[in-house]
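Peer 1: As input, take entry06.txt (compact mmCIF, C-alpha atoms):
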```txt
# COMPACT_ATOMS: atom_id res chain seq x y z
CA MET A 1 169.18 -239.10 -48.17
CA LYS A 2 168.70 -236.25 -45.70
CA TYR A 3 171.20 -235.28 -43.00
CA ILE A 4 170.32 -233.50 -39.75
CA VAL A 5 172.67 -232.27 -37.03
CA VAL A 6 171.02 -231.47 -33.70
CA LEU A 7 173.60 -229.44 -31.82
CA GLY A 8 172.81 -228.84 -28.14
CA ASP A 9 175.43 -226.22 -27.31
CA GLY A 10 177.18 -226.99 -24.02
CA MET A 11 174.80 -229.89 -23.34
CA ALA A 12 177.44 -232.21 -21.81
CA ASP A 13 178.32 -231.81 -18.15
CA TYR A 14 179.82 -233.37 -15.03
CA LYS A 15 177.93 -235.33 -12.40
CA ILE A 16 175.99 -233.09 -10.02
CA PRO A 17 175.44 -234.18 -6.38
CA SER A 18 171.99 -232.58 -6.17
CA LEU A 19 170.90 -234.73 -9.13
CA GLY A 20 171.89 -237.94 -7.37
CA ASN A 21 175.33 -237.79 -8.94
CA LYS A 22 173.87 -237.65 -12.44
CA THR A 23 174.60 -235.25 -15.28
CA PRO A 24 171.77 -233.14 -16.78
CA LEU A 25 171.78 -235.48 -19.80
CA GLN A 26 171.26 -238.44 -17.45
CA ALA A 27 168.63 -236.66 -15.35
CA ALA A 28 166.60 -235.36 -18.30
CA ASN A 29 163.54 -237.23 -19.56
CA LYS A 30 164.42 -237.69 -23.23
CA PRO A 31 162.58 -240.80 -24.48
CA MET A 32 163.01 -240.09 -28.20
CA ILE A 33 166.76 -239.57 -28.04
CA ASP A 34 167.23 -242.59 -25.78
CA SER A 35 165.18 -244.75 -28.15
CA LEU A 36 167.49 -243.71 -30.99
CA ALA A 37 170.51 -244.51 -28.83
CA LYS A 38 169.59 -248.20 -28.82
CA GLN A 39 169.79 -248.24 -32.63
CA ALA A 40 172.70 -245.86 -33.17
CA GLU A 41 176.43 -245.44 -32.92
CA ILE A 42 177.28 -243.83 -29.58
CA GLY A 43 180.75 -242.59 -28.77
CA LEU A 44 182.96 -239.76 -27.62
CA CYS A 45 184.48 -237.13 -29.87
CA LYS A 46 187.19 -234.54 -29.29
CA THR A 47 185.88 -231.35 -30.89
CA VAL A 48 188.55 -228.97 -29.55
CA PRO A 49 192.06 -229.59 -30.92
CA ASP A 50 195.04 -229.36 -28.60
CA GLY A 51 196.23 -225.78 -28.24
CA PHE A 52 192.79 -224.23 -28.82
CA LYS A 53 190.53 -222.73 -26.21
CA PRO A 54 187.22 -224.63 -25.88
CA GLY A 55 185.04 -222.00 -27.55
CA SER A 56 181.83 -222.51 -29.46
CA ASP A 57 183.61 -221.11 -32.51
CA VAL A 58 186.27 -223.81 -32.66
CA ALA A 59 183.92 -226.60 -31.58
CA ASN A 60 181.10 -225.76 -34.03
CA LEU A 61 183.59 -225.50 -36.88
CA SER A 62 184.73 -229.02 -35.99
CA VAL A 63 181.24 -230.51 -35.88
CA MET A 64 180.42 -228.83 -39.19
CA GLY A 65 183.39 -230.55 -40.78
CA TYR A 66 186.10 -227.87 -40.75
CA ASN A 67 189.50 -228.35 -39.16
CA PRO A 68 190.09 -225.28 -36.94
CA GLU A 69 193.82 -225.72 -37.39
CA ASP A 70 193.35 -224.85 -41.07
CA CYS A 71 190.72 -222.10 -40.96
CA TYR A 72 190.24 -220.53 -37.53
CA THR A 73 191.16 -216.84 -37.27
CA GLY A 74 189.22 -215.83 -34.16
CA ARG A 75 185.65 -215.73 -32.85
CA SER A 76 184.54 -212.17 -33.45
CA PRO A 77 185.14 -212.17 -37.24
CA LEU A 78 182.59 -214.97 -37.57
CA GLU A 79 180.04 -212.85 -35.70
CA ALA A 80 180.99 -209.75 -37.68
CA VAL A 81 180.18 -211.53 -40.94
CA SER A 82 176.79 -212.55 -39.55
CA ILE A 83 175.74 -209.01 -38.73
CA GLY A 84 176.79 -207.76 -42.15
CA ILE A 85 180.11 -206.07 -41.48
CA GLN A 86 182.30 -205.84 -44.58
CA LEU A 87 185.77 -206.58 -43.25
CA LYS A 88 189.06 -205.55 -44.78
CA ASP A 89 192.10 -207.80 -44.63
CA THR A 90 193.74 -205.26 -42.31
CA ASP A 91 190.82 -205.12 -39.84
CA VAL A 92 190.87 -206.76 -36.43
CA THR A 93 187.51 -207.49 -34.84
CA LEU A 94 186.64 -207.99 -31.19
CA ARG A 95 183.50 -209.32 -29.55
CA CYS A 96 181.88 -206.57 -27.47
CA ASN A 97 179.66 -207.89 -24.68
CA LEU A 98 177.34 -205.67 -22.70
CA VAL A 99 177.94 -206.93 -19.17
CA THR A 100 176.89 -206.24 -15.59
CA LEU A 101 179.74 -205.37 -13.24
CA SER A 102 179.46 -204.69 -9.52
CA ASP A 103 179.33 -201.07 -8.42
CA GLU A 104 182.71 -200.46 -6.75
CA PRO A 105 183.97 -196.97 -7.69
CA VAL A 106 187.34 -198.22 -8.98
CA TYR A 107 186.93 -200.23 -12.20
CA GLU A 108 189.64 -202.75 -11.34
CA ASP A 109 187.85 -203.61 -8.08
CA LYS A 110 184.62 -204.67 -9.79
CA THR A 111 183.27 -208.22 -10.15
CA MET A 112 181.74 -209.85 -13.25
CA LEU A 113 178.13 -210.31 -12.12
CA ASP A 114 176.61 -211.19 -15.48
CA TYR A 115 178.33 -211.62 -18.86
CA SER A 116 174.96 -211.05 -20.62
CA ALA A 117 173.60 -208.04 -18.67
CA GLY A 118 170.55 -210.06 -17.74
CA GLU A 119 169.97 -211.20 -21.34
CA ILE A 120 169.31 -207.59 -22.31
CA SER A 121 166.92 -207.18 -25.22
CA SER A 122 168.25 -206.29 -28.64
CA ALA A 123 166.20 -203.09 -28.69
CA GLU A 124 167.66 -201.88 -25.38
CA ALA A 125 171.15 -202.93 -26.41
CA LYS A 126 170.92 -201.08 -29.71
CA GLU A 127 170.11 -197.85 -27.91
CA LEU A 128 173.10 -198.30 -25.62
CA ILE A 129 175.53 -199.19 -28.41
CA ASP A 130 174.29 -196.27 -30.52
CA TYR A 131 174.93 -194.02 -27.52
CA LEU A 132 178.46 -195.35 -27.05
CA LYS A 133 179.22 -194.98 -30.76
CA LYS A 134 179.03 -191.20 -30.34
CA TYR A 135 182.02 -191.39 -28.02
CA PHE A 136 184.01 -194.33 -29.39
CA ASP A 137 183.69 -194.35 -33.18
CA SER A 138 186.75 -192.90 -34.91
CA ASP A 139 189.12 -193.52 -37.80
CA ARG A 140 190.53 -196.38 -35.72
CA PHE A 141 187.51 -197.93 -33.98
CA THR A 142 183.90 -198.62 -34.98
CA LEU A 143 181.20 -200.22 -32.82
CA TYR A 144 178.49 -202.33 -34.47
CA ASN A 145 175.16 -203.51 -33.10
CA GLY A 146 174.54 -207.22 -32.81
CA VAL A 147 171.91 -209.24 -30.95
CA SER A 148 171.07 -208.98 -27.25
CA TYR A 149 174.36 -208.58 -25.35
CA ARG A 150 176.55 -209.65 -28.31
CA HIS A 151 178.13 -206.80 -30.32
CA CYS A 152 181.30 -206.07 -32.27
CA LEU A 153 184.20 -203.63 -32.32
CA VAL A 154 186.31 -203.27 -35.47
CA SER A 155 189.84 -201.92 -35.19
CA ALA A 156 191.12 -200.60 -38.54
CA GLY A 157 194.72 -201.65 -39.08
CA GLY A 158 194.71 -203.30 -35.66
CA LYS A 159 196.97 -205.93 -34.19
CA THR A 160 196.23 -209.32 -32.70
CA GLY A 161 197.94 -211.12 -29.84
CA HIS A 162 196.24 -209.41 -26.91
CA ASP A 163 195.41 -211.27 -23.71
CA LEU A 164 191.62 -210.96 -23.65
CA THR A 165 189.37 -213.06 -21.40
CA PRO A 166 185.85 -214.23 -22.31
CA PRO A 167 183.50 -212.73 -19.71
CA HIS A 168 181.59 -216.00 -19.31
CA ASP A 169 184.83 -217.55 -18.03
CA ILE A 170 184.91 -215.22 -15.01
CA SER A 171 181.31 -215.15 -13.79
CA GLN A 172 181.19 -213.97 -10.17
CA LYS A 173 184.94 -213.33 -10.16
CA PRO A 174 186.81 -210.03 -9.60
CA ILE A 175 187.90 -208.66 -12.97
CA LYS A 176 191.26 -207.20 -11.93
CA ASN A 177 193.26 -210.23 -13.06
CA TYR A 178 191.39 -210.54 -16.37
CA LEU A 179 191.59 -207.05 -17.85
CA PRO A 180 193.10 -206.59 -21.35
CA LYS A 181 196.86 -207.06 -21.32
CA SER A 182 199.73 -206.24 -23.67
CA PRO A 183 201.07 -202.79 -24.62
CA ASP A 184 198.49 -202.26 -27.36
CA ALA A 185 195.56 -203.17 -25.12
CA ASP A 186 195.52 -199.85 -23.27
CA ALA A 187 192.98 -198.39 -25.69
CA TYR A 188 190.58 -201.30 -25.12
CA LEU A 189 190.81 -200.97 -21.34
CA ALA A 190 190.31 -197.21 -21.57
CA MET A 191 187.13 -197.74 -23.60
CA MET A 192 185.84 -200.30 -21.10
CA LYS A 193 186.40 -197.90 -18.21
CA ARG A 194 184.83 -195.01 -20.13
CA SER A 195 181.81 -197.13 -20.99
CA ALA A 196 181.18 -197.78 -17.29
CA GLN A 197 181.06 -194.03 -16.68
CA LEU A 198 178.78 -193.40 -19.65
CA LEU A 199 176.35 -196.27 -19.04
CA LYS A 200 175.95 -195.96 -15.28
CA ASP A 201 173.12 -193.43 -15.37
CA HIS A 202 171.74 -194.08 -18.84
CA PRO A 203 167.91 -194.12 -18.84
CA ILE A 204 167.85 -197.66 -20.20
CA ASN A 205 169.83 -198.89 -17.22
CA GLN A 206 167.87 -196.82 -14.73
CA ALA A 207 164.69 -198.38 -16.09
CA ARG A 208 166.18 -201.87 -15.90
CA ILE A 209 167.24 -201.36 -12.29
CA ALA A 210 163.79 -200.05 -11.39
CA ALA A 211 162.28 -203.17 -12.97
CA GLY A 212 164.57 -205.44 -10.94
CA LYS A 213 166.78 -206.28 -13.93
CA ARG A 214 170.54 -206.16 -14.21
CA PRO A 215 171.95 -203.06 -15.90
CA ALA A 216 174.31 -203.18 -18.89
CA ASN A 217 176.89 -201.02 -17.16
CA SER A 218 180.07 -201.79 -19.12
CA VAL A 219 181.36 -203.19 -22.38
CA TRP A 220 183.82 -206.08 -22.37
CA PHE A 221 186.11 -206.84 -25.30
CA TRP A 222 187.35 -210.34 -26.18
CA GLY A 223 187.55 -212.91 -28.99
CA GLU A 224 189.78 -210.93 -31.36
CA GLY A 225 190.42 -212.10 -34.89
CA THR A 226 190.94 -211.28 -38.54
CA LYS A 227 188.94 -211.82 -41.72
CA PRO A 228 188.37 -215.58 -42.17
CA ALA A 229 187.80 -217.78 -45.18
CA LEU A 230 186.04 -221.15 -45.33
CA GLU A 231 185.76 -223.61 -48.18
CA ASN A 232 182.25 -223.68 -49.61
CA PHE A 233 180.25 -226.38 -47.81
CA GLU A 234 178.52 -227.74 -50.91
CA THR A 235 181.80 -227.88 -52.81
CA LYS A 236 183.55 -229.57 -49.90
CA PHE A 237 180.93 -232.19 -49.09
CA GLY A 238 178.73 -232.42 -52.17
CA ILE A 239 175.49 -231.59 -50.34
CA LYS A 240 173.37 -228.47 -50.08
CA GLY A 241 173.29 -227.20 -46.50
CA ALA A 242 171.36 -224.82 -44.25
CA VAL A 243 171.94 -223.46 -40.75
CA ILE A 244 169.31 -222.68 -38.11
CA SER A 245 170.59 -220.73 -35.10
CA ALA A 246 169.85 -217.66 -33.00
CA VAL A 247 173.56 -217.04 -32.47
CA ASP A 248 175.59 -214.72 -34.71
CA LEU A 249 178.69 -216.89 -34.35
CA VAL A 250 177.07 -220.00 -35.83
CA LYS A 251 175.26 -218.02 -38.51
CA GLY A 252 178.59 -216.44 -39.44
CA ILE A 253 180.15 -219.87 -39.97
CA GLY A 254 177.21 -220.78 -42.20
CA ILE A 255 177.50 -217.58 -44.23
CA LEU A 256 181.22 -218.05 -44.80
CA ALA A 257 180.57 -221.65 -45.83
CA GLY A 258 178.00 -220.53 -48.40
CA MET A 259 175.10 -222.17 -46.57
CA LYS A 260 171.51 -220.96 -46.31
CA ILE A 261 170.78 -219.13 -43.06
CA ILE A 262 167.22 -219.73 -41.90
CA GLU A 263 165.73 -217.26 -39.42
CA VAL A 264 163.10 -218.57 -37.00
CA PRO A 265 160.69 -216.17 -35.26
CA GLY A 266 161.03 -216.41 -31.50
CA ALA A 267 164.52 -217.92 -31.58
CA THR A 268 166.29 -216.36 -28.60
CA GLY A 269 169.43 -218.36 -27.88
CA ASN A 270 168.11 -219.37 -24.45
CA TYR A 271 165.68 -221.82 -22.87
CA ASP A 272 162.69 -219.71 -23.94
CA THR A 273 163.59 -220.16 -27.61
CA ASN A 274 161.16 -221.44 -30.22
CA PHE A 275 162.24 -225.10 -30.24
CA SER A 276 159.26 -226.24 -32.31
CA GLY A 277 159.82 -223.46 -34.83
CA LYS A 278 163.40 -224.61 -35.37
CA ALA A 279 162.23 -228.17 -36.05
CA GLU A 280 159.56 -226.95 -38.46
CA ALA A 281 162.07 -224.75 -40.27
CA ALA A 282 164.44 -227.72 -40.60
CA LEU A 283 161.72 -229.94 -42.05
CA ASN A 284 160.69 -227.22 -44.50
CA ALA A 285 164.30 -226.82 -45.62
CA LEU A 286 164.69 -230.56 -46.19
CA GLU A 287 161.44 -230.65 -48.16
CA SER A 288 162.50 -227.69 -50.31
CA GLY A 289 165.70 -229.23 -51.63
CA TYR A 290 168.30 -228.91 -48.88
CA ASP A 291 170.19 -232.11 -48.07
CA TYR A 292 171.70 -231.07 -44.73
CA VAL A 293 170.40 -228.93 -41.87
CA TYR A 294 172.49 -227.85 -38.88
CA ILE A 295 170.11 -227.03 -36.02
CA HIS A 296 171.99 -225.16 -33.32
CA MET A 297 170.41 -224.57 -29.89
CA GLU A 298 172.26 -222.36 -27.46
CA ALA A 299 169.98 -222.94 -24.47
CA PRO A 300 171.95 -225.63 -22.56
CA ASP A 301 175.13 -223.56 -22.86
CA GLU A 302 173.51 -220.40 -21.48
CA CYS A 303 172.07 -222.39 -18.58
CA GLY A 304 175.49 -223.90 -17.89
CA HIS A 305 177.06 -220.44 -17.74
CA GLN A 306 174.33 -219.28 -15.35
CA GLY A 307 174.60 -222.36 -13.13
CA ASP A 308 170.93 -223.06 -13.84
CA ILE A 309 170.49 -226.83 -13.42
CA ALA A 310 166.70 -226.89 -13.76
CA HIS A 311 166.59 -225.02 -17.05
CA LYS A 312 169.52 -226.96 -18.48
CA ILE A 313 167.54 -230.15 -17.94
CA TYR A 314 164.41 -228.45 -19.30
CA SER A 315 166.32 -227.38 -22.43
CA ILE A 316 167.49 -230.93 -23.09
CA GLU A 317 163.94 -232.20 -22.66
CA GLN A 318 162.63 -229.59 -25.08
CA ILE A 319 165.24 -230.59 -27.66
CA ASP A 320 164.07 -234.18 -27.31
CA GLU A 321 160.33 -233.50 -27.44
CA LYS A 322 160.04 -230.55 -29.81
CA VAL A 323 163.01 -231.01 -32.12
CA VAL A 324 164.25 -234.61 -32.32
CA LYS A 325 160.86 -236.30 -31.92
CA LYS A 326 159.16 -233.95 -34.38
CA ILE A 327 161.79 -234.40 -37.08
CA VAL A 328 162.20 -238.16 -36.67
CA THR A 329 158.45 -238.78 -36.61
CA GLN A 330 157.80 -236.75 -39.76
CA LEU A 331 160.73 -238.17 -41.73
CA ARG A 332 159.81 -241.72 -40.78
CA ALA A 333 156.22 -241.10 -41.88
CA SER A 334 157.41 -239.72 -45.21
CA GLY A 335 159.63 -242.72 -45.89
CA GLU A 336 162.56 -240.42 -46.56
CA PRO A 337 165.85 -242.08 -45.52
CA PHE A 338 167.79 -239.88 -43.15
CA ARG A 339 170.70 -239.69 -40.79
CA MET A 340 170.79 -237.68 -37.58
CA LEU A 341 173.80 -236.61 -35.53
CA ILE A 342 173.06 -235.44 -31.99
CA CYS A 343 175.86 -233.90 -29.92
CA PRO A 344 177.10 -230.85 -28.03
CA ASP A 345 179.91 -228.75 -29.39
CA HIS A 346 181.65 -228.79 -25.99
CA PRO A 347 180.62 -229.31 -22.37
CA THR A 348 179.53 -226.32 -20.27
CA PRO A 349 179.48 -227.85 -16.79
CA ILE A 350 177.27 -226.31 -14.13
CA SER A 351 180.07 -226.61 -11.57
CA VAL A 352 182.53 -224.40 -13.48
CA ARG A 353 180.06 -222.24 -15.47
CA THR A 354 182.27 -222.16 -18.52
CA HIS A 355 183.37 -224.35 -21.44
CA THR A 356 185.73 -227.28 -21.08
CA ALA A 357 187.65 -229.22 -23.71
CA ASP A 358 186.45 -232.67 -22.58
CA PRO A 359 185.36 -235.01 -25.39
CA VAL A 360 181.62 -234.85 -26.04
CA PRO A 361 179.12 -237.71 -26.38
CA TYR A 362 177.67 -238.14 -29.84
CA LEU A 363 174.77 -240.18 -31.25
CA LEU A 364 174.71 -241.10 -34.92
CA TYR A 365 171.44 -242.61 -36.12
CA LYS A 366 170.99 -243.97 -39.64
CA SER A 367 167.47 -244.87 -40.72
CA ASP A 368 168.91 -246.98 -43.53
CA ALA A 369 171.46 -248.93 -41.48
CA THR A 370 170.42 -249.72 -37.93
CA VAL A 371 173.38 -250.49 -35.69
CA SER A 372 173.95 -250.76 -31.98
CA SER A 373 176.86 -249.74 -29.82
CA GLY A 374 175.29 -251.47 -26.83
CA ALA A 375 174.14 -248.23 -25.23
CA ALA A 376 170.70 -248.05 -23.61
CA SER A 377 170.67 -244.26 -23.44
CA TYR A 378 172.48 -241.18 -24.68
CA ASP A 379 174.71 -239.56 -22.07
CA GLU A 380 178.34 -239.08 -21.11
CA ASP A 381 178.75 -242.45 -19.36
CA SER A 382 177.06 -244.49 -22.08
CA ALA A 383 179.26 -242.85 -24.71
CA ALA A 384 182.42 -243.58 -22.74
CA GLN A 385 181.45 -247.20 -22.14
CA THR A 386 181.17 -248.05 -25.85
CA GLY A 387 184.89 -247.48 -26.30
CA ILE A 388 184.28 -245.55 -29.54
CA PHE A 389 186.42 -242.41 -29.69
CA LEU A 390 187.11 -239.88 -32.44
CA ASP A 391 190.15 -237.72 -31.79
CA LYS A 392 189.34 -235.24 -34.57
CA GLY A 393 185.93 -233.61 -34.39
CA TRP A 394 185.85 -232.63 -38.05
CA ASN A 395 185.71 -236.32 -38.96
CA LEU A 396 182.22 -236.63 -37.46
CA ILE A 397 180.74 -235.41 -40.71
CA LYS A 398 182.55 -238.18 -42.57
CA LYS A 399 180.74 -240.70 -40.39
CA LEU A 400 177.48 -238.90 -41.03
CA LEU A 401 177.92 -238.92 -44.80
CA GLU A 402 179.69 -242.24 -45.34
CA LYS A 403 178.02 -244.63 -47.77
```
Please re-express this file's structure in structure tokens.
Peer 2:
Amino acid sequence: MKYIVVLGDGMADYKIPSLGNKTPLQAANKPMIDSLAKQAEIGLCKTVPDGFKPGSDVANLSVMGYNPEDCYTGRSPLEAVSIGIQLKDTDVTLRCNLVTLSDEPVYEDKTMLDYSAGEISSAEAKELIDYLKKYFDSDRFTLYNGVSYRHCLVSAGGKTGHDLTPPHDISQKPIKNYLPKSPDADAYLAMMKRSAQLLKDHPINQARIAAGKRPANSVWFWGEGTKPALENFETKFGIKGAVISAVDLVKGIGILAGMKIIEVPGATGNYDTNFSGKAEAALNALESGYDYVYIHMEAPDECGHQGDIAHKIYSIEQIDEKVVKKIVTQLRASGEPFRMLICPDHPTPISVRTHTADPVPYLLYKSDATVSSGAASYDEDSAAQTGIFLDKGWNLIKKLLEK
């Protein structure tokens, strides 16, 4: 038996007037997924426990079978592990975004124009982070390069408990009410302000502006945490697992769980990602002895944050055509029995441009045990109408693996 999770990050949404009061999942042309829906269990699942913010960290842990209440220590440590940082028990890590702020002279008066600095390339970002390291690295703080706009700050002997806001939660909003708070946060705010001064006229940013792109003109710290520990996935569930993702956060979860991390050329974390390559990598992993593959696609989430309806629909359609259809067709042809779970980790509605904690629709297809929940398609309404509801997201994997 083979097990596949197709995770469309942020794929769920609210009804959008311009789509005829449909959600992107309802508006998308997804014939393969909808054909599976007629032969699958469809329901709603709560992936974000009460008291937790609806982040991809918490929600992906849940879908992968881990109770965040038992193991979650913050977002940035998961990313730190992925980029190879050796953390001490006394370290505190923070996510460091390269962002685009408006150009008011007083930092507090600026607005969050883009939490990703126009999806800055990793090569450009590395040059900017290396430049900032000359000014910020010390016995207390160390900056580390990540991917695109996603980087990491490690505070040696640091403290947690700061009020830090994810930049994607405040797109197009003034930042003055969302700056780091608490007595110990002064150093973080000082670094953010200093970064704006240092990055304003950097050649990388001047070139980006000249090319009509958004500059990476500040860092933004959030997602603090401490060194985490996860139970080994194979020990916990008795199957050998692999993770396919372009996102450091998800790869970090996989690393901590002792899973194989599979890199796919052209995987970007956005709608231009190599969807087909991810499906091919998953099939290769299953053929080479892995029992379980977690295929994570960030594209719908990024489009939700950007308010990009067209590309969110496009991303869903690509997942259907180039991932789900390809995997299902090949596994059916091989005669290999398999089970496939399709779901988001959380919604990222176009109307709010950030994550919500609403339950997500899930589809569980079993090639060896065809069932029907009475749904004709896979979307938010169909899932709600079946009346099936899981209040603990980490139990999804039990349904996937049950005999």
Peer 1: Between A:Ala187, A:Leu44, A:Leu7, A:Ile255, which one has atoms that come closest to Ser373 in chain A, using only C-alpha atoms?
Peer 2: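 Using only C-alpha atoms, Ser373 in chain A sits closest to A:Leu44.
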Peer 1: Measuring atom to atom with only C-alpha atoms, identify which of A:Val92, A:Leu256, A:Leu364, A:Ile397 is nearest to Ile33 in chain A.
Peer 2: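 Selected residue with least distance to Ile33 in chain A: A:Leu364.
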Peer 1: Residues proximal to (178.4, -224.2, -39.6) were defined as those with any atom within 8 Å of that point in the file's coordinates, counting all atoms listed in the file. Which are they, as a ChimeraX atom specification?
Peer 2: /A:60-61,63-64,243,250-254,257,259,294
Peer 1: Grab the CA of Glu124 in chain A to CA of Asn274 in chain A distance for me, in Å with one decimal place.
Peer 2: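 Those two atoms sit 21.2 Å apart.
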Peer 1: Give the answer as one residue: which of A:Leu113, A:Cys71, A:Leu363, A:Leu283 has the shortest atom-to-atom distance to Gln172 in chain A, using all atoms listed in the file?
Peer 2: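 Answer, going by the shortest atom-to-atom distance: A:Leu113.
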Peer 1: Rounded to one decimal, what separation in Å do you get between CA of Pro349 in chain A and CA of Glu317 in chain A?
Peer 2: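 If I compute the distance from CA of Pro349 in chain A to CA of Glu317 in chain A, I get 17.2 Å.
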